[in-house]
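What follows is one structure encoded as structure tokens, with my remarks underneath.
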Amino acid sequence: MFIIVFLEYEVREDYFIKERKLFVYISIILMAISIICISLFFYLNKSSSVKDRSEENIPNDSSYKEEPNQEFNTLTEKQVVPWGLHKILLDKSTYTETSLSKRPVNIAIIDSGVDKNHPDLRGIVKKEYNAINPNKKTKDDFGHGTSVAGIIAAQNNKFGVVGVAPDSNIYSVKVLDSKGKGSIDNLVKAIKWCIDNDVNVINISFGFKTDNPKLRTIIHEAYEKNIVIVAAAGNNYGLEVDYPARYKETLSVTAVDKNLVRSRFSSKGKIDYSAPGRNILTTSKYGGYSTVDGTSFAAPYITGAISLIIQEEGLLDRRSPDINLTEEVKNILNQKVNKVVPSEEKELYGNGFVQFNQKEN
């Protein structure tokens with residue numbers, strides 16, 4: 001009997017030993033897999049931050065999709081004023097009166113190009129530069145740049161939509177290809193071209209997750225040359241603002257909806273201003289119209305507003321060597337925000353939502 005009990009105990013002990021060993025082996029394997037995965041994650045992140053950023057894809061709105069608006073694709077009998085323009089320009093006369101008598105502002109849209117044959121954009125492109133292939137003309141085979149251009153300068157006619165500053169001179173600068181991809185070297189070349197071609201305002205509706213010395217240097221050079229640079233803050237769902245929007249020399253723009261509430265996809269951190277960026281009706285490639293979302297489409301509202309400010313104030317004709325154009329524009333923009341933003345919300349809304357023609361209190 002004792003022998004049987006002893007044997008039974010020995011068998012059970014052996015079973016439990018084997019079970020524990022199996023548990024230990026499985027635990028070791030799982031830990032090893034976890035370590036490998038974590039190491040791979042940090043390796044890839046480190047590699048992406050150290051490698052030559054000229055090979056990095058750079059569209060700000062990687063989730064960018066045009067939602068065709070069928071009603072406006074066939075609409076030719078009347079013009080529609082998008083809600084964003086109503087919000088920024090409270091007095092309709094601002095965009096129905098022409099300012100051709102004033103010196104036009106040269107705005108460079110560094111993006112995927114502009115569809116120059118779009119009925120609402122004909123004649124607005126005064127110069128162009130293809131940073132991807134300088135020997136070719138710019139062609140928007142992605143659509144992003146055409147949507148940005150419509151927000152800034154769609155013509156004030158009897159059809160389609162109207163932009164914030166339709167009298168602006170648009171310089172189409174292509175750095176993004178048909179898939180919305182580009183390189184840091186081409187972006188640097190594009191900004192250098194803007195410096196050499198008397199651009200007053202640059203709109204950059206894409207960004208990077210990490211700093212880049214070459215980009216930082218050329219941005220500072222453009223700033224010193226009195227070029228105002230407007231950049232999208234990025235669609236990072238509450239994470240840090242992209243570069244170049246994070247640089248102090250640029251004006252960083254976040255997106256809000258019709259109720260002026262920050263869009264959930266917007267970045268957080270170095271924000272300068274808020275602008276419409278949800279359900280934005282604008283021009284699209286191939287002559288149509290579409291509805292788009294993103295900080296990419298908030299930035300051009302501020303770009304257009306800056307063009308109006310420069311024209312209204314005559315800033316190009318009375319340049320003072322003692323004050324930088326960007327700083328002068330910021331001072332005026334800060335006077336046009338609809339309300340004072342509490343300090344704890346600055347990283348969400350910046351200095352606030354810019355509105356023209358507000359009633360005096």
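Chain identifiers are assigned as A, B, and so on, following the order in which chains appear in the structure tokens; residues are numbered from 1 within each chain, and ligands are numbered from 1 in order of appearance.
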Sel. of strand (DSSP E or B) residues, region 167-248 of chain A, as a list in words: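 Selecting the strand (DSSP E or B) positions of region 167-248 of chain A gives Asn169, Ile170, Tyr171, Ser172, Val173, Lys174, Val201, Ile202, Asn203, Ile204, Phe208, Val228, Ile229, Val230, Ala231, Ala232, Glu240 and Tyr243 of chain A.
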For the residues in that selection, give me N, CA and C atoms as a CSV table (one decimal), in the first residue's frame.
chain,number,residue,atom,x,y,z
A,169,ASN,N,-2.2,86.2,-56.6
A,169,ASN,CA,-1.4,85.5,-57.6
A,169,ASN,C,-0.9,84.2,-57.0
A,170,ILE,N,-1.3,83.1,-57.6
A,170,ILE,CA,-1.0,81.8,-57.1
A,170,ILE,C,0.3,81.2,-57.9
A,171,TYR,N,1.3,80.8,-57.1
A,171,TYR,CA,2.5,80.1,-57.6
A,171,TYR,C,2.3,78.7,-57.3
A,172,SER,N,2.2,77.8,-58.3
A,172,SER,CA,2.0,76.4,-58.1
A,172,SER,C,3.4,75.7,-58.0
A,173,VAL,N,3.7,75.1,-56.8
A,173,VAL,CA,5.0,74.5,-56.6
A,173,VAL,C,4.8,73.0,-56.3
A,174,LYS,N,5.2,72.2,-57.1
A,174,LYS,CA,4.9,70.7,-57.0
A,174,LYS,C,6.1,70.0,-56.2
A,201,VAL,N,3.8,84.8,-49.5
A,201,VAL,CA,3.2,83.9,-48.5
A,201,VAL,C,3.3,82.5,-49.1
A,202,ILE,N,3.7,81.5,-48.2
A,202,ILE,CA,3.9,80.1,-48.6
A,202,ILE,C,2.8,79.3,-47.8
A,203,ASN,N,2.1,78.4,-48.5
A,203,ASN,CA,1.2,77.5,-47.8
A,203,ASN,C,1.8,76.1,-47.9
A,204,ILE,N,2.0,75.5,-46.7
A,204,ILE,CA,2.5,74.1,-46.7
A,204,ILE,C,1.5,73.2,-45.9
A,208,PHE,N,6.2,66.8,-41.2
A,208,PHE,CA,7.0,65.7,-40.8
A,208,PHE,C,6.9,65.5,-39.3
A,228,VAL,N,5.9,85.0,-45.3
A,228,VAL,CA,5.1,84.5,-44.3
A,228,VAL,C,4.8,83.0,-44.6
A,229,ILE,N,5.1,82.1,-43.7
A,229,ILE,CA,4.9,80.7,-43.9
A,229,ILE,C,3.8,80.1,-43.1
A,230,VAL,N,2.7,79.6,-43.7
A,230,VAL,CA,1.6,79.0,-43.0
A,230,VAL,C,1.7,77.5,-43.2
A,231,ALA,N,1.5,76.8,-42.1
A,231,ALA,CA,1.7,75.3,-42.2
A,231,ALA,C,0.6,74.6,-41.4
A,232,ALA,N,0.1,73.5,-41.9
A,232,ALA,CA,-0.9,72.7,-41.2
A,232,ALA,C,-0.2,72.0,-40.0
A,240,GLU,N,1.8,65.5,-30.9
A,240,GLU,CA,2.5,66.7,-31.2
A,240,GLU,C,2.3,67.2,-32.6
A,243,TYR,N,6.3,69.2,-38.1
A,243,TYR,CA,7.2,70.2,-38.7
A,243,TYR,C,6.9,70.3,-40.2
Per residue of region 205-279 of chain A within 8 Å of region 186-194 of chain A, note the shortest atom pair and the distance in Å to one decimal, counting only C-alpha atoms, and order the rows by chain and increasing residue number, as CSV.
residue,atom,partner,partner_atom,distance
A:Lys214,CA,A:Val188,CA,7.1
A:Leu215,CA,A:Val188,CA,6.1
A:Ile218,CA,A:Val188,CA,6.5
A:Ile219,CA,A:Ile191,CA,7.6
A:Ala222,CA,A:Ile191,CA,7.4
One decimal, in Å: what's the spacing between CA of Ile271 (chain A) and CA of Asp111 (chain A)? 21.1 Å
Might you pull out every residue within 8 Å of region 299-305 of chain A, with only C-alpha atoms counted and same-chain residues fewer than 6 positions away left off, and present them as a list in words?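 Contacts, in chain order: Gly84, Leu85, Val148, Ala149, Ile151, Ile152, Ala153, Gly163, Val164, Ala165, Val201, Ile202, Asn203, Ile204, Ser205, Val230, Ala231, Ala232, Ser252, Val253, Thr254, Tyr273, Ala275, Pro276 and Val354 of chain A.
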I need the residues from that last selection saved to file as an mmCIF file, in the first residue's frame (with C-alpha atoms), if you can.
data_model
loop_
_atom_site.group_PDB
_atom_site.id
_atom_site.type_symbol
_atom_site.label_atom_id
_atom_site.label_comp_id
_atom_site.auth_asym_id
_atom_site.auth_seq_id
_atom_site.Cartn_x
_atom_site.Cartn_y
_atom_site.Cartn_z
ATOM 1 C CA GLY A 84 -15.770 78.272 -43.694
ATOM 2 C CA LEU A 85 -15.706 81.477 -45.710
ATOM 3 C CA VAL A 148 -5.966 73.821 -51.250
ATOM 4 C CA ALA A 149 -5.971 76.282 -54.165
ATOM 5 C CA ILE A 151 -9.964 77.424 -50.590
ATOM 6 C CA ILE A 152 -7.480 80.232 -51.147
ATOM 7 C CA ALA A 153 -8.373 81.583 -54.553
ATOM 8 C CA GLY A 163 -12.031 81.405 -52.232
ATOM 9 C CA VAL A 164 -10.924 83.667 -49.393
ATOM 10 C CA ALA A 165 -8.638 85.789 -51.580
ATOM 11 C CA VAL A 201 3.185 83.876 -48.493
ATOM 12 C CA ILE A 202 3.852 80.116 -48.569
ATOM 13 C CA ASN A 203 1.185 77.515 -47.796
ATOM 14 C CA ILE A 204 2.475 74.086 -46.697
ATOM 15 C CA SER A 205 -0.337 71.617 -46.070
ATOM 16 C CA VAL A 230 1.578 79.011 -43.040
ATOM 17 C CA ALA A 231 1.688 75.300 -42.198
ATOM 18 C CA ALA A 232 -0.859 72.672 -41.236
ATOM 19 C CA SER A 252 0.674 76.713 -37.315
ATOM 20 C CA VAL A 253 -3.012 76.086 -38.051
ATOM 21 C CA THR A 254 -5.393 73.563 -36.512
ATOM 22 C CA TYR A 273 -4.548 79.814 -35.045
ATOM 23 C CA ALA A 275 -9.597 77.682 -38.976
ATOM 24 C CA PRO A 276 -12.308 75.643 -40.729
ATOM 25 C CA VAL A 354 -9.658 84.434 -37.001
#
Straight-line distance linking CA of Glu221 (chain A) with CA of Glu312 (chain A), stated in Å to one decimal: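 Computing the Euclidean distance for CA of Glu221 (chain A) and CA of Glu312 (chain A) yields 26.0 Å.
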Out of A:Pro213, A:Phe159, A:Pro342, A:Pro166, which residue has the shortest atom-to-atom distance to Val125 (chain A) when counting only C-alpha atoms?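 Checking each candidate against Val125 (chain A), we get A:Pro166 as the closest.
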Check the DSSP output for the backbone and give back, as a CSV table (one decimal) with all heavy atoms, in the first residue's frame, the residues of region 159-197 of chain A in helix (DSSP H, G or I).
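What ended up in out_35.csv:
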chain,number,residue,atom,x,y,z
A,184,ILE,N,12.2,65.5,-48.7
A,184,ILE,CA,12.6,66.7,-48.0
A,184,ILE,C,13.5,67.5,-48.9
A,184,ILE,O,13.5,68.8,-48.8
A,184,ILE,CB,13.4,66.3,-46.7
A,184,ILE,CG1,13.7,67.6,-45.9
A,184,ILE,CG2,14.6,65.5,-46.9
A,184,ILE,CD1,12.5,68.3,-45.4
A,185,ASP,N,14.4,66.9,-49.7
A,185,ASP,CA,15.2,67.7,-50.6
A,185,ASP,C,14.4,68.5,-51.6
A,185,ASP,O,14.8,69.7,-51.8
A,185,ASP,CB,16.2,66.7,-51.4
A,185,ASP,CG,17.2,66.2,-50.5
A,185,ASP,OD1,17.5,66.8,-49.4
A,185,ASP,OD2,17.8,65.1,-50.8
A,186,ASN,N,13.4,67.9,-52.1
A,186,ASN,CA,12.5,68.7,-53.0
A,186,ASN,C,11.8,69.8,-52.3
A,186,ASN,O,11.5,70.9,-52.9
A,186,ASN,CB,11.5,67.8,-53.7
A,186,ASN,CG,12.2,66.9,-54.8
A,186,ASN,OD1,13.3,67.3,-55.3
A,186,ASN,ND2,11.6,65.8,-55.2
A,187,LEU,N,11.4,69.6,-51.1
A,187,LEU,CA,10.7,70.7,-50.3
A,187,LEU,C,11.7,71.8,-50.1
A,187,LEU,O,11.3,73.0,-50.2
A,187,LEU,CB,10.2,70.1,-49.0
A,187,LEU,CG,9.5,71.2,-48.1
A,187,LEU,CD1,8.4,71.9,-48.8
A,187,LEU,CD2,9.0,70.5,-46.8
A,188,VAL,N,12.9,71.5,-49.7
A,188,VAL,CA,13.9,72.5,-49.5
A,188,VAL,C,14.1,73.3,-50.8
A,188,VAL,O,14.2,74.6,-50.8
A,188,VAL,CB,15.2,71.9,-49.0
A,188,VAL,CG1,16.4,73.0,-49.0
A,188,VAL,CG2,15.0,71.4,-47.6
A,189,LYS,N,14.2,72.6,-52.0
A,189,LYS,CA,14.4,73.2,-53.3
A,189,LYS,C,13.2,74.1,-53.6
A,189,LYS,O,13.4,75.2,-54.1
A,189,LYS,CB,14.5,72.2,-54.4
A,189,LYS,CG,15.9,71.6,-54.5
A,189,LYS,CD,15.9,70.3,-55.3
A,189,LYS,CE,15.1,70.3,-56.5
A,189,LYS,NZ,15.2,69.0,-57.3
A,190,ALA,N,12.0,73.7,-53.2
A,190,ALA,CA,10.8,74.5,-53.5
A,190,ALA,C,10.8,75.8,-52.7
A,190,ALA,O,10.4,76.8,-53.2
A,190,ALA,CB,9.6,73.6,-53.1
A,191,ILE,N,11.2,75.7,-51.4
A,191,ILE,CA,11.2,76.9,-50.6
A,191,ILE,C,12.3,77.9,-51.1
A,191,ILE,O,12.1,79.1,-51.2
A,191,ILE,CB,11.4,76.6,-49.1
A,191,ILE,CG1,10.3,75.7,-48.6
A,191,ILE,CG2,11.6,77.9,-48.3
A,191,ILE,CD1,10.4,75.2,-47.2
A,192,LYS,N,13.4,77.3,-51.5
A,192,LYS,CA,14.5,78.2,-52.1
A,192,LYS,C,14.0,78.9,-53.4
A,192,LYS,O,14.3,80.1,-53.6
A,192,LYS,CB,15.7,77.3,-52.4
A,192,LYS,CG,16.9,78.0,-53.0
A,192,LYS,CD,17.5,79.0,-52.0
A,192,LYS,CE,18.8,79.6,-52.4
A,192,LYS,NZ,18.7,80.4,-53.6
A,193,TRP,N,13.2,78.1,-54.2
A,193,TRP,CA,12.6,78.7,-55.4
A,193,TRP,C,11.7,79.9,-55.0
A,193,TRP,O,11.7,80.9,-55.7
A,193,TRP,CB,11.9,77.7,-56.2
A,193,TRP,CG,11.3,78.2,-57.5
A,193,TRP,CD1,11.9,78.2,-58.7
A,193,TRP,CD2,10.0,78.7,-57.6
A,193,TRP,NE1,11.0,78.8,-59.6
A,193,TRP,CE2,9.8,79.1,-59.0
A,193,TRP,CE3,8.9,79.0,-56.8
A,193,TRP,CZ2,8.7,79.6,-59.5
A,193,TRP,CZ3,7.7,79.5,-57.3
A,193,TRP,CH2,7.6,79.8,-58.7
A,194,CYS,N,10.9,79.7,-54.0
A,194,CYS,CA,10.0,80.8,-53.5
A,194,CYS,C,10.8,82.0,-53.1
A,194,CYS,O,10.4,83.1,-53.4
A,194,CYS,CB,9.2,80.3,-52.3
A,194,CYS,SG,8.0,79.0,-52.8
A,195,ILE,N,11.9,81.8,-52.4
A,195,ILE,CA,12.7,82.9,-52.0
A,195,ILE,C,13.2,83.7,-53.2
A,195,ILE,O,13.2,84.9,-53.2
A,195,ILE,CB,13.9,82.5,-51.1
A,195,ILE,CG1,13.4,81.9,-49.8
A,195,ILE,CG2,14.9,83.6,-50.8
A,195,ILE,CD1,14.4,81.2,-48.9
A,196,ASP,N,13.6,83.0,-54.2
A,196,ASP,CA,14.2,83.6,-55.4
A,196,ASP,C,13.1,84.2,-56.3
A,196,ASP,O,13.5,84.9,-57.3
A,196,ASP,CB,15.0,82.6,-56.2
A,196,ASP,CG,16.2,82.1,-55.4
A,196,ASP,OD1,16.7,82.8,-54.5
A,196,ASP,OD2,16.7,80.9,-55.7
Report as a PyMOL selection string all protein, DNA and RNA residues lying within 10 Å of Leu325 (chain A), evaluated on only C-alpha atoms, omitting residues in the same chain fewer than 4 positions from it. chain A and resi 200-201+223-228+310+315-316+319-321+329-331
Take CA of Lys87 (chain A) and CA of Asn357 (chain A) and report the distance between them in Å, one decimal.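 So the two atoms, CA of Lys87 (chain A) and CA of Asn357 (chain A), lie 10.6 Å apart.
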Counting only C-alpha atoms, the residue of A:Ser168, A:Thr250, A:Ser34, A:Asn130 that sits nearest Lys102 (chain A): A:Ser168
